[in-house]
file query_5.txt (compact mmCIF, C-alpha atoms and all ligand atoms)
# COMPACT_ATOMS: atom_id res chain seq x y z
CA MET A 3 -16.85 -4.19 -26.70
CA GLY A 4 -14.18 -6.80 -26.09
CA TYR A 5 -14.29 -9.88 -23.92
CA SER A 6 -11.86 -9.79 -20.99
CA ILE A 7 -10.36 -12.80 -19.28
CA ALA A 8 -8.18 -12.10 -16.23
CA LEU A 9 -5.81 -14.45 -14.43
CA ALA A 10 -5.07 -14.18 -10.74
CA GLY A 11 -3.52 -16.32 -8.04
CA LYS A 12 -0.51 -16.64 -5.78
CA GLY A 13 2.98 -16.22 -7.25
CA GLY A 14 4.36 -19.30 -8.95
CA THR A 15 1.01 -20.97 -9.57
CA GLY A 16 1.21 -20.50 -13.33
CA LYS A 17 -0.78 -17.35 -14.15
CA THR A 18 1.70 -16.03 -16.69
CA THR A 19 2.19 -19.45 -18.30
CA LEU A 20 -1.56 -19.90 -18.72
CA ALA A 21 -2.06 -16.29 -19.86
CA GLY A 22 0.52 -16.91 -22.59
CA LEU A 23 -1.13 -20.16 -23.65
CA LEU A 24 -4.51 -18.41 -23.73
CA VAL A 25 -3.14 -15.73 -26.04
CA ARG A 26 -1.74 -18.44 -28.34
CA TYR A 27 -5.08 -20.28 -28.23
CA LEU A 28 -7.10 -17.21 -29.19
CA VAL A 29 -4.74 -16.34 -32.04
CA GLU A 30 -4.78 -19.94 -33.34
CA LYS A 31 -8.58 -20.02 -33.27
CA GLY A 32 -8.72 -16.75 -35.19
CA LYS A 33 -10.36 -14.95 -32.28
CA THR A 34 -8.38 -11.85 -33.05
CA PRO A 35 -7.43 -9.13 -32.45
CA VAL A 36 -6.20 -10.03 -28.97
CA LEU A 37 -4.69 -7.70 -26.41
CA ALA A 38 -2.40 -9.19 -23.78
CA VAL A 39 -2.07 -7.00 -20.70
CA ASP A 40 0.81 -7.61 -18.31
CA ALA A 41 -0.51 -6.13 -15.09
CA ASP A 42 2.06 -7.75 -12.81
CA ALA A 43 4.66 -5.34 -11.40
CA ASN A 44 7.26 -8.05 -12.04
CA ALA A 45 6.37 -8.15 -15.69
CA ASN A 46 7.38 -11.29 -17.58
CA LEU A 47 4.46 -12.16 -19.83
CA ASN A 48 6.54 -10.87 -22.73
CA GLU A 49 9.08 -13.65 -22.14
CA VAL A 50 6.39 -16.31 -22.21
CA LEU A 51 5.16 -14.75 -25.47
CA GLY A 52 8.66 -14.29 -26.88
CA LEU A 53 8.51 -10.49 -27.22
CA GLU A 54 10.78 -7.59 -26.35
CA VAL A 55 9.27 -4.74 -24.37
CA GLY A 56 10.30 -1.11 -24.54
CA GLU A 57 8.50 1.51 -22.51
CA THR A 58 5.91 0.46 -19.99
CA LEU A 59 2.99 2.44 -18.66
CA GLY A 60 4.95 2.73 -15.41
CA ASP A 61 7.33 5.01 -17.25
CA ALA A 62 4.38 7.00 -18.56
CA ARG A 63 2.95 7.45 -15.08
CA GLU A 64 6.36 8.53 -13.81
CA GLN A 65 6.66 11.13 -16.52
CA MET A 66 3.14 12.37 -16.00
CA LYS A 67 3.83 13.02 -12.35
CA LYS A 68 6.50 15.48 -13.46
CA GLY A 69 3.95 17.03 -15.79
CA ALA A 70 3.19 16.70 -19.46
CA PRO A 71 5.63 18.31 -21.88
CA SER A 72 4.82 21.97 -22.47
CA GLY A 73 2.17 22.64 -25.04
CA MET A 74 0.54 19.26 -24.45
CA THR A 75 -2.45 18.49 -22.26
CA LYS A 76 -2.13 15.66 -19.77
CA ASP A 77 -4.90 13.81 -21.59
CA LEU A 78 -3.17 13.95 -24.92
CA PHE A 79 0.14 13.01 -23.34
CA MET A 80 -1.29 9.93 -21.65
CA GLU A 81 -3.17 8.85 -24.75
CA MET A 82 0.03 9.11 -26.74
CA LYS A 83 1.96 7.13 -24.12
CA VAL A 84 -0.63 4.34 -24.12
CA GLN A 85 -0.36 4.12 -27.92
CA GLU A 86 3.43 4.05 -27.72
CA ALA A 87 3.45 1.29 -25.12
CA VAL A 88 1.54 -1.14 -27.33
CA VAL A 89 3.84 -3.84 -28.74
CA GLU A 90 2.50 -5.31 -31.95
CA ALA A 91 2.90 -9.01 -32.67
CA ASP A 92 1.30 -11.61 -34.94
CA GLY A 93 -2.47 -11.53 -34.29
CA PHE A 94 -2.10 -9.88 -30.91
CA ASP A 95 -0.69 -6.87 -29.12
CA LEU A 96 0.93 -6.62 -25.72
CA ILE A 97 0.86 -3.77 -23.24
CA VAL A 98 2.90 -3.77 -20.03
CA MET A 99 1.64 -1.84 -17.03
CA GLY A 100 5.01 -1.83 -15.29
CA ARG A 101 5.38 0.08 -12.09
CA PRO A 102 6.28 3.67 -11.44
CA GLU A 103 9.56 4.01 -9.60
CA GLY A 104 9.21 6.82 -7.13
CA PRO A 105 7.00 7.18 -4.08
CA GLY A 106 4.06 9.54 -4.01
CA CYS A 107 0.63 9.66 -5.49
CA TYR A 108 -0.08 8.48 -8.97
CA CYS A 109 -3.83 8.91 -8.57
CA ALA A 110 -4.26 11.43 -11.35
CA ALA A 111 -2.08 9.43 -13.70
CA ASN A 112 -3.89 6.21 -12.80
CA THR A 113 -7.29 7.74 -13.43
CA LEU A 114 -6.23 8.95 -16.85
CA LEU A 115 -4.55 5.66 -17.59
CA THR A 116 -7.71 3.70 -16.76
CA GLN A 117 -9.69 5.92 -19.07
CA PHE A 118 -7.39 5.40 -22.04
CA LEU A 119 -6.94 1.71 -21.35
CA ASP A 120 -10.70 1.25 -21.49
CA LYS A 121 -10.67 3.01 -24.83
CA LEU A 122 -7.84 0.79 -26.03
CA LEU A 123 -9.65 -2.40 -24.96
CA ASP A 124 -12.54 -1.50 -27.25
CA ASN A 125 -10.28 -2.19 -30.24
CA TYR A 126 -9.85 -5.87 -29.36
CA ARG A 127 -12.10 -8.89 -29.52
CA PHE A 128 -10.38 -10.50 -26.53
CA THR A 129 -8.26 -9.10 -23.73
CA VAL A 130 -6.13 -11.39 -21.55
CA ILE A 131 -4.97 -9.81 -18.28
CA ASP A 132 -2.08 -11.37 -16.38
CA ASN A 133 -2.69 -9.93 -12.96
CA GLU A 134 -0.65 -9.99 -9.78
CA ALA A 135 -2.02 -11.63 -6.66
CA GLY A 136 -3.48 -8.47 -5.16
CA MET A 137 -6.87 -8.01 -6.76
CA GLU A 138 -7.05 -4.28 -5.99
CA HIS A 139 -5.00 -4.00 -9.11
CA ILE A 140 -7.73 -5.20 -11.42
CA SER A 141 -10.10 -2.57 -10.11
CA ARG A 142 -7.54 0.11 -10.87
CA LEU A 143 -6.70 -1.34 -14.22
CA THR A 144 -10.00 -1.04 -15.95
CA THR A 145 -13.51 0.03 -15.21
CA ASP A 146 -14.69 -2.37 -17.87
CA ASN A 147 -16.30 -5.65 -17.19
CA VAL A 148 -14.18 -8.75 -16.70
CA GLU A 149 -16.12 -11.69 -18.14
CA VAL A 150 -14.06 -14.48 -16.66
CA LEU A 151 -11.65 -14.43 -13.75
CA LEU A 152 -9.44 -17.51 -13.72
CA VAL A 153 -7.85 -18.00 -10.33
CA VAL A 154 -4.88 -20.34 -10.59
CA SER A 155 -3.82 -22.61 -7.75
CA ASP A 156 -1.28 -25.31 -7.12
CA PRO A 157 -2.65 -28.75 -6.19
CA THR A 158 -2.64 -28.23 -2.42
CA HIS A 159 -5.29 -27.58 0.19
CA ARG A 160 -3.60 -24.34 1.18
CA GLY A 161 -3.33 -23.28 -2.43
CA VAL A 162 -7.05 -23.79 -3.03
CA GLN A 163 -7.78 -21.97 0.20
CA ALA A 164 -5.70 -18.99 -0.98
CA ALA A 165 -7.56 -19.05 -4.30
CA SER A 166 -10.83 -19.06 -2.43
CA ARG A 167 -9.73 -15.95 -0.52
CA ILE A 168 -8.92 -14.19 -3.78
CA VAL A 169 -12.41 -15.02 -5.04
CA ASP A 170 -13.88 -13.61 -1.80
CA LEU A 171 -11.78 -10.47 -2.16
CA THR A 172 -13.06 -9.80 -5.67
CA GLU A 173 -16.58 -10.03 -4.29
CA GLN A 174 -15.82 -7.66 -1.40
CA LEU A 175 -14.22 -5.15 -3.76
CA GLY A 176 -17.39 -5.19 -5.82
CA LEU A 177 -15.46 -5.82 -9.01
CA SER A 178 -17.53 -6.27 -12.09
CA ILE A 179 -16.75 -9.92 -12.86
CA GLN A 180 -19.25 -12.26 -14.49
CA ARG A 181 -17.71 -15.65 -13.69
CA ARG A 182 -15.02 -16.72 -11.25
CA MET A 183 -13.37 -20.07 -11.87
CA LEU A 184 -10.44 -22.04 -10.56
CA ILE A 185 -7.69 -23.73 -12.55
CA VAL A 186 -5.55 -26.17 -10.59
CA ASN A 187 -2.19 -26.22 -12.31
CA GLN A 188 0.87 -28.47 -11.99
CA ALA A 189 -1.22 -31.44 -10.89
CA LYS A 190 0.52 -34.80 -10.56
CA ASP A 191 -0.82 -38.10 -11.86
CA GLY A 192 -3.56 -39.55 -9.72
CA GLN A 193 -4.45 -36.32 -7.91
CA GLU A 194 -7.58 -35.52 -9.87
CA ALA A 195 -10.19 -37.03 -7.54
CA MET A 196 -8.64 -35.40 -4.48
CA ILE A 197 -8.41 -32.04 -6.25
CA ARG A 198 -12.10 -32.18 -7.18
CA GLU A 199 -12.96 -33.04 -3.61
CA VAL A 200 -10.98 -30.13 -2.12
CA VAL A 201 -12.26 -27.62 -4.68
CA GLY A 202 -15.80 -28.74 -3.89
CA ARG A 203 -15.16 -28.20 -0.20
CA PHE A 204 -14.46 -24.54 -0.89
CA GLY A 205 -17.48 -24.23 -3.15
CA LEU A 206 -15.39 -23.06 -6.10
CA GLU A 207 -16.21 -23.71 -9.74
CA LEU A 208 -13.43 -25.80 -11.28
CA ALA A 209 -12.60 -24.72 -14.82
CA GLY A 210 -10.16 -27.59 -15.13
CA ILE A 211 -6.93 -29.25 -14.09
CA VAL A 212 -3.61 -28.76 -15.89
CA PRO A 213 -0.91 -31.37 -15.34
CA GLU A 214 2.66 -30.81 -14.30
CA ASP A 215 4.57 -30.82 -17.59
CA PRO A 216 8.38 -31.04 -17.36
CA LEU A 217 8.76 -29.35 -20.75
CA VAL A 218 7.03 -26.19 -19.49
CA ARG A 219 9.63 -25.82 -16.76
CA GLU A 220 12.46 -26.77 -19.11
CA PHE A 221 11.42 -24.05 -21.56
CA ASP A 222 11.39 -21.55 -18.70
CA LEU A 223 14.81 -22.69 -17.52
CA GLU A 224 16.28 -22.32 -21.00
CA GLY A 225 14.57 -18.98 -21.62
CA LYS A 226 12.47 -20.33 -24.47
CA PRO A 227 9.01 -18.77 -24.94
CA THR A 228 6.31 -21.03 -23.46
CA VAL A 229 4.13 -20.35 -26.49
CA ASP A 230 6.60 -22.34 -28.61
CA LEU A 231 5.67 -25.59 -26.83
CA ALA A 232 4.84 -28.45 -29.21
CA ASP A 233 1.18 -29.16 -29.99
CA ASN A 234 1.35 -32.42 -28.04
CA SER A 235 2.35 -30.82 -24.74
CA PRO A 236 0.04 -32.25 -22.05
CA ALA A 237 -0.17 -28.91 -20.23
CA LEU A 238 -1.03 -27.08 -23.45
CA ASN A 239 -3.72 -29.62 -24.33
CA ALA A 240 -5.33 -29.50 -20.91
CA ALA A 241 -5.27 -25.70 -20.99
CA TYR A 242 -6.83 -25.67 -24.47
CA ARG A 243 -9.72 -27.87 -23.29
CA ILE A 244 -10.40 -25.32 -20.56
CA PHE A 245 -10.19 -22.42 -23.02
CA ASP A 246 -12.63 -24.21 -25.36
CA ARG A 247 -15.20 -23.99 -22.61
CA ILE A 248 -14.65 -20.37 -21.63
CA ALA A 249 -13.85 -18.77 -24.99
CA GLY A 250 -14.70 -21.46 -27.53
CA GLU A 251 -18.04 -20.40 -28.92
N1 LIG B 1 1.84 -27.08 -15.85
C1 LIG B 1 3.10 -26.80 -15.53
N2 LIG B 1 4.04 -27.78 -15.49
C2 LIG B 1 5.32 -27.50 -15.17
N3 LIG B 1 5.77 -26.29 -14.85
C3 LIG B 1 4.89 -25.26 -14.86
C4 LIG B 1 3.52 -25.46 -15.21
N4 LIG B 1 2.91 -24.25 -15.13
C5 LIG B 1 3.84 -23.35 -14.76
N5 LIG B 1 5.03 -23.95 -14.60
C6 LIG B 1 6.30 -23.33 -14.18
O1 LIG B 1 6.11 -22.79 -12.88
C7 LIG B 1 6.81 -21.56 -12.73
C8 LIG B 1 5.83 -20.44 -12.35
O2 LIG B 1 4.95 -20.22 -13.44
P1 LIG B 1 4.42 -18.74 -13.79
O3 LIG B 1 3.49 -18.89 -14.93
O4 LIG B 1 5.54 -17.81 -13.93
O5 LIG B 1 3.61 -18.41 -12.45
P2 LIG B 1 3.00 -17.03 -11.93
O6 LIG B 1 2.83 -16.13 -13.12
O7 LIG B 1 1.70 -17.41 -11.30
O8 LIG B 1 3.97 -16.50 -10.92
C9 LIG B 1 7.50 -21.31 -14.06
O9 LIG B 1 8.82 -21.78 -13.97
C10 LIG B 1 6.71 -22.13 -15.04
O10 LIG B 1 7.47 -22.56 -16.15
MG MG B 2 3.51 -14.18 -13.41

call {"tool": "encode", "arguments": {"input": "query_5.txt", "output": "structure tokens", "more": "lines below"}}
Ligand SMILES: Nc1ncnc2c1ncn2[C@@H]1O[C@H](COP(=O)(O)OP(=O)(O)O)[C@@H](O)[C@H]1O
Ligand SMILES: [Mg+2]
result
Amino acid sequence: MGYSIALAGKGGTGKTTLAGLLVRYLVEKGKTPVLAVDADANANLNEVLGLEVGETLGDAREQMKKGAPSGMTKDLFMEMKVQEAVVEADGFDLIVMGRPEGPGCYCAANTLLTQFLDKLLDNYRFTVIDNEAGMEHISRLTTDNVEVLLVVSDPTHRGVQAASRIVDLTEQLGLSIQRRMLIVNQAKDGQEAMIREVVGRFGLELAGIVPEDPLVREFDLEGKPTVDLADNSPALNAAYRIFDRIAGE
């Protein structure tokens, strides 16, 4: 069975950026095959990874609500849709959850989806899940174990407090998560001691601190994939040191 690492945190903290860098890290270290899962309704992990996306699983759920095509069971239909939604890249695959458009209940579709996603995850050594802030999502996404939850925060007291609430929520939801750790991203020079102090106050385990890196934002502004950052990017290097600890062995 694969090893899942999920990212969570408020919008704009850097989940997608770090998810993309983690995918690059795992591929570079030969820890393949890797599955990247974009579980944010506002999907954009593909841009960070430099990939085009076709159909999402949101489309599949929408279609399933209308019923599977005649002569096909719902199971077979959903399994086929999951296969179709996988985008293949170099050393890793990407699947985008998307969001169904209409109102109404997608419960049956979601249950089936979870089942086939779990099956899909078995094919990969590592799975990286770029989640949205609401953690209920992770519970719906997979019944499998998440080994590491990385909650991303900006370097503020309120940010760390919000991260701490997300950690609490995952505990209340009874999600099967082995380790919960915090990454403080976009830190400025000289903030490290204060960050450690604040994180300690909330009793969170600090996975590491990633500095503010103007090139990361510049790439985003210009629409260049974050994974194409040069090897000497300070943000990339700090992120890699964190990944060495959580996925290095
Ligand atoms: N370490 C960093 N230094 C500079 N800019 C960053 C850094 N991490 C993320 N960003 C920028 O912050 C913005 C939000 O990042 P993103 O990964 O999309 O956050 P989220 O997925 O949590 O909403 C993006 O413009 C991204 O390029
Ligand atoms: Mg994001």

call {"tool": "closest_atom_pairs", "arguments": {"input": "query_5.txt", "of": "chain A", "to": "ligand LIG 1 (chain B)", "cutoff": "7 Å", "atoms": "all atoms listed in the file", "output": "tab-separated table"}}
result
residue	atom	partner	partner_atom	distance
A:Gly11	CA	B:LIG1	O7	6.3
A:Lys12	CA	B:LIG1	O7	6.0
A:Gly13	CA	B:LIG1	O8	3.8
A:Gly14	CA	B:LIG1	O8	3.4
A:Thr15	CA	B:LIG1	O7	4.0
A:Gly16	CA	B:LIG1	O3	3.2
A:Lys17	CA	B:LIG1	O7	3.8
A:Thr18	CA	B:LIG1	O6	3.7
A:Thr19	CA	B:LIG1	O3	3.7
A:Leu20	CA	B:LIG1	O3	6.4
A:Asn187	CA	B:LIG1	N1	5.4
A:Gln188	CA	B:LIG1	N1	4.2
A:Val212	CA	B:LIG1	N1	5.7
A:Pro213	CA	B:LIG1	N1	5.1
A:Glu214	CA	B:LIG1	N2	3.5
A:Asp215	CA	B:LIG1	N2	3.7
A:Pro216	CA	B:LIG1	C2	5.2
A:Leu217	CA	B:LIG1	C2	6.8
A:Val218	CA	B:LIG1	N3	4.8
A:Arg219	CA	B:LIG1	O10	4.0
A:Phe221	CA	B:LIG1	O10	6.9
A:Asp222	CA	B:LIG1	O10	4.8
A:Ala237	CA	B:LIG1	N1	5.2

call {"tool": "write_last_selection", "arguments": {"input": "query_5.txt", "atoms": "C-alpha atoms", "output": "short mmCIF file (atom, residue, chain, number, x, y, z; two decimals), in the coordinates of the input"}}
result
data_model
loop_
_atom_site.label_atom_id
_atom_site.label_comp_id
_atom_site.auth_asym_id
_atom_site.auth_seq_id
_atom_site.Cartn_x
_atom_site.Cartn_y
_atom_site.Cartn_z
CA GLY A 11 -3.52 -16.32 -8.04
CA LYS A 12 -0.51 -16.64 -5.78
CA GLY A 13 2.98 -16.22 -7.25
CA GLY A 14 4.36 -19.30 -8.95
CA THR A 15 1.01 -20.97 -9.57
CA GLY A 16 1.21 -20.50 -13.33
CA LYS A 17 -0.78 -17.35 -14.15
CA THR A 18 1.70 -16.03 -16.69
CA THR A 19 2.19 -19.45 -18.30
CA LEU A 20 -1.56 -19.90 -18.72
CA ASN A 187 -2.19 -26.22 -12.31
CA GLN A 188 0.87 -28.47 -11.99
CA VAL A 212 -3.61 -28.76 -15.89
CA PRO A 213 -0.91 -31.37 -15.34
CA GLU A 214 2.66 -30.81 -14.30
CA ASP A 215 4.57 -30.82 -17.59
CA PRO A 216 8.38 -31.04 -17.36
CA LEU A 217 8.76 -29.35 -20.75
CA VAL A 218 7.03 -26.19 -19.49
CA ARG A 219 9.63 -25.82 -16.76
CA PHE A 221 11.42 -24.05 -21.56
CA ASP A 222 11.39 -21.55 -18.70
CA ALA A 237 -0.17 -28.91 -20.23
#

call {"tool": "closest_residue", "arguments": {"input": "query_5.txt", "among": "A:Lys67, A:Glu86, A:Ile131, A:Leu96", "to": "ligand MG 2 (chain B)", "atoms": "only C-alpha atoms and all ligand atoms"}}
result
A:Ile131

call {"tool": "residues_around", "arguments": {"input": "query_5.txt", "residues": "Leu206 of chain A", "least_positions_apart": "6", "cutoff": "8 Å", "atoms": "all atoms listed in the file", "output": "PyMOL selection string"}}
result
chain A and resi 166+183-184

call {"tool": "atom_distance", "arguments": {"input": "query_5.txt", "atom1": "atom CA of Asp95 of chain A", "atom2": "atom CA of Tyr27 of chain A"}}
result
14.1 Å

call {"tool": "atom_distance", "arguments": {"input": "query_5.txt", "atom1": "atom CA of Asn48 of chain A", "atom2": "atom CA of Ala209 of chain A"}}
result
24.9 Å

call {"tool": "atom_distance", "arguments": {"input": "query_5.txt", "atom1": "atom CA of Leu53 of chain A", "atom2": "atom CA of Met99 of chain A"}}
result
15.0 Å

call {"tool": "closest_residue", "arguments": {"input": "query_5.txt", "among": "A:Gln163, A:Gln117, A:Thr34, A:Asn133", "to": "ligand MG 2 (chain B)", "atoms": "only C-alpha atoms and all ligand atoms"}}
result
A:Asn133

call {"tool": "closest_residue", "arguments": {"input": "query_5.txt", "among": "A:Ala110, A:Gly250, A:Asp132, A:Lys83", "to": "Ala43 of chain A", "atoms": "only C-alpha atoms"}}
result
A:Asp132

call {"tool": "closest_residue", "arguments": {"input": "query_5.txt", "among": "A:Leu59, A:Met82, A:Ala189, A:Leu24", "to": "Ala241 of chain A", "atoms": "only C-alpha atoms"}}
result
A:Leu24

call {"tool": "residues_around", "arguments": {"input": "query_5.txt", "residues": "segment 238-240 of chain A", "least_positions_apart": "4", "cutoff": "8 Å", "atoms": "all atoms listed in the file", "output": "compact mmCIF listing (two decimals) with C-alpha atoms, in the coordinates of the input"}}
result
# COMPACT_ATOMS: atom_id res chain seq x y z
CA LEU A 23 -1.13 -20.16 -23.65
CA GLY A 210 -10.16 -27.59 -15.13
CA ILE A 211 -6.93 -29.25 -14.09
CA VAL A 212 -3.61 -28.76 -15.89
CA PRO A 213 -0.91 -31.37 -15.34
CA LEU A 231 5.67 -25.59 -26.83
CA ASP A 233 1.18 -29.16 -29.99
CA ASN A 234 1.35 -32.42 -28.04
CA ILE A 244 -10.40 -25.32 -20.56

call {"tool": "closest_residue", "arguments": {"input": "query_5.txt", "among": "A:Gly106, A:Glu30, A:Pro71, A:Ala87", "to": "Glu54 of chain A", "atoms": "only C-alpha atoms"}}
result
A:Ala87

call {"tool": "closest_residue", "arguments": {"input": "query_5.txt", "among": "A:Phe245, A:Tyr5, A:Phe204, A:Phe128", "to": "Gly93 of chain A", "atoms": "only C-alpha atoms"}}
result
A:Phe128

call {"tool": "residues_around", "arguments": {"input": "query_5.txt", "residues": "Cys107 of chain A", "least_positions_apart": "4", "cutoff": "12 Å", "atoms": "all atoms listed in the file", "output": "short mmCIF file (atom, residue, chain, number, x, y, z; two decimals) with C-alpha atoms, keeping the file's coordinate frame"}}
result
data_model
loop_
_atom_site.label_atom_id
_atom_site.label_comp_id
_atom_site.auth_asym_id
_atom_site.auth_seq_id
_atom_site.Cartn_x
_atom_site.Cartn_y
_atom_site.Cartn_z
CA ARG A 63 2.95 7.45 -15.08
CA GLU A 64 6.36 8.53 -13.81
CA MET A 66 3.14 12.37 -16.00
CA LYS A 67 3.83 13.02 -12.35
CA LYS A 68 6.50 15.48 -13.46
CA PRO A 102 6.28 3.67 -11.44
CA GLU A 103 9.56 4.01 -9.60
CA ALA A 111 -2.08 9.43 -13.70
CA ASN A 112 -3.89 6.21 -12.80
CA THR A 113 -7.29 7.74 -13.43
#

call {"tool": "build_atoms", "arguments": {"input": "query_5.txt", "residues": "segment 172-180 of chain A", "atoms": "all heavy atoms", "output": "JSON list (two decimals), in the frame of the given file"}}
result
[["chain", "number", "residue", "atom", "x", "y", "z"],
["A", 172, "THR", "N", -12.48, -10.45, -4.48],
["A", 172, "THR", "CA", -13.06, -9.80, -5.67],
["A", 172, "THR", "C", -14.53, -9.48, -5.42],
["A", 172, "THR", "O", -15.06, -8.52, -5.95],
["A", 172, "THR", "CB", -12.97, -10.68, -6.93],
["A", 172, "THR", "OG1", -13.76, -11.86, -6.74],
["A", 172, "THR", "CG2", -11.55, -11.06, -7.25],
["A", 173, "GLU", "N", -15.18, -10.32, -4.60],
["A", 173, "GLU", "CA", -16.58, -10.03, -4.29],
["A", 173, "GLU", "C", -16.69, -8.83, -3.35],
["A", 173, "GLU", "O", -17.50, -7.93, -3.56],
["A", 173, "GLU", "CB", -17.25, -11.28, -3.69],
["A", 173, "GLU", "CG", -17.63, -12.26, -4.79],
["A", 173, "GLU", "CD", -17.84, -13.69, -4.32],
["A", 173, "GLU", "OE1", -17.77, -13.94, -3.10],
["A", 173, "GLU", "OE2", -18.08, -14.56, -5.20],
["A", 174, "GLN", "N", -15.80, -8.79, -2.35],
["A", 174, "GLN", "CA", -15.82, -7.66, -1.40],
["A", 174, "GLN", "C", -15.50, -6.34, -2.10],
["A", 174, "GLN", "O", -16.04, -5.30, -1.73],
["A", 174, "GLN", "CB", -14.81, -7.89, -0.28],
["A", 174, "GLN", "CG", -15.29, -8.89, 0.76],
["A", 174, "GLN", "CD", -14.12, -9.53, 1.51],
["A", 174, "GLN", "OE1", -13.02, -8.97, 1.53],
["A", 174, "GLN", "NE2", -14.35, -10.68, 2.10],
["A", 175, "LEU", "N", -14.61, -6.39, -3.07],
["A", 175, "LEU", "CA", -14.22, -5.15, -3.76],
["A", 175, "LEU", "C", -15.30, -4.71, -4.75],
["A", 175, "LEU", "O", -15.20, -3.65, -5.34],
["A", 175, "LEU", "CB", -12.90, -5.36, -4.51],
["A", 175, "LEU", "CG", -11.64, -5.49, -3.66],
["A", 175, "LEU", "CD1", -10.47, -5.95, -4.51],
["A", 175, "LEU", "CD2", -11.31, -4.16, -2.98],
["A", 176, "GLY", "N", -16.30, -5.55, -4.93],
["A", 176, "GLY", "CA", -17.39, -5.19, -5.82],
["A", 176, "GLY", "C", -16.95, -5.09, -7.27],
["A", 176, "GLY", "O", -17.49, -4.31, -8.04],
["A", 177, "LEU", "N", -15.94, -5.87, -7.63],
["A", 177, "LEU", "CA", -15.46, -5.82, -9.01],
["A", 177, "LEU", "C", -16.51, -6.40, -9.95],
["A", 177, "LEU", "O", -17.23, -7.32, -9.59],
["A", 177, "LEU", "CB", -14.15, -6.61, -9.15],
["A", 177, "LEU", "CG", -13.00, -6.12, -8.29],
["A", 177, "LEU", "CD1", -11.77, -6.97, -8.51],
["A", 177, "LEU", "CD2", -12.70, -4.66, -8.59],
["A", 178, "SER", "N", -16.53, -5.83, -11.13],
["A", 178, "SER", "CA", -17.53, -6.27, -12.09],
["A", 178, "SER", "C", -16.99, -7.48, -12.86],
["A", 178, "SER", "O", -16.33, -7.35, -13.89],
["A", 178, "SER", "CB", -17.84, -5.08, -12.99],
["A", 178, "SER", "OG", -18.26, -5.49, -14.23],
["A", 179, "ILE", "N", -17.24, -8.66, -12.29],
["A", 179, "ILE", "CA", -16.75, -9.92, -12.86],
["A", 179, "ILE", "C", -17.94, -10.86, -13.03],
["A", 179, "ILE", "O", -18.68, -11.08, -12.08],
["A", 179, "ILE", "CB", -15.69, -10.56, -11.93],
["A", 179, "ILE", "CG1", -14.49, -9.63, -11.76],
["A", 179, "ILE", "CG2", -15.27, -11.93, -12.44],
["A", 179, "ILE", "CD1", -13.51, -10.06, -10.69],
["A", 180, "GLN", "N", -18.09, -11.40, -14.24],
["A", 180, "GLN", "CA", -19.25, -12.26, -14.49],
["A", 180, "GLN", "C", -19.09, -13.66, -13.91],
["A", 180, "GLN", "O", -19.99, -14.19, -13.28],
["A", 180, "GLN", "CB", -19.51, -12.38, -16.00],
["A", 180, "GLN", "CG", -19.81, -11.06, -16.69],
["A", 180, "GLN", "CD", -20.94, -10.31, -16.02],
["A", 180, "GLN", "OE1", -22.00, -10.88, -15.77],
["A", 180, "GLN", "NE2", -20.71, -9.05, -15.70]]
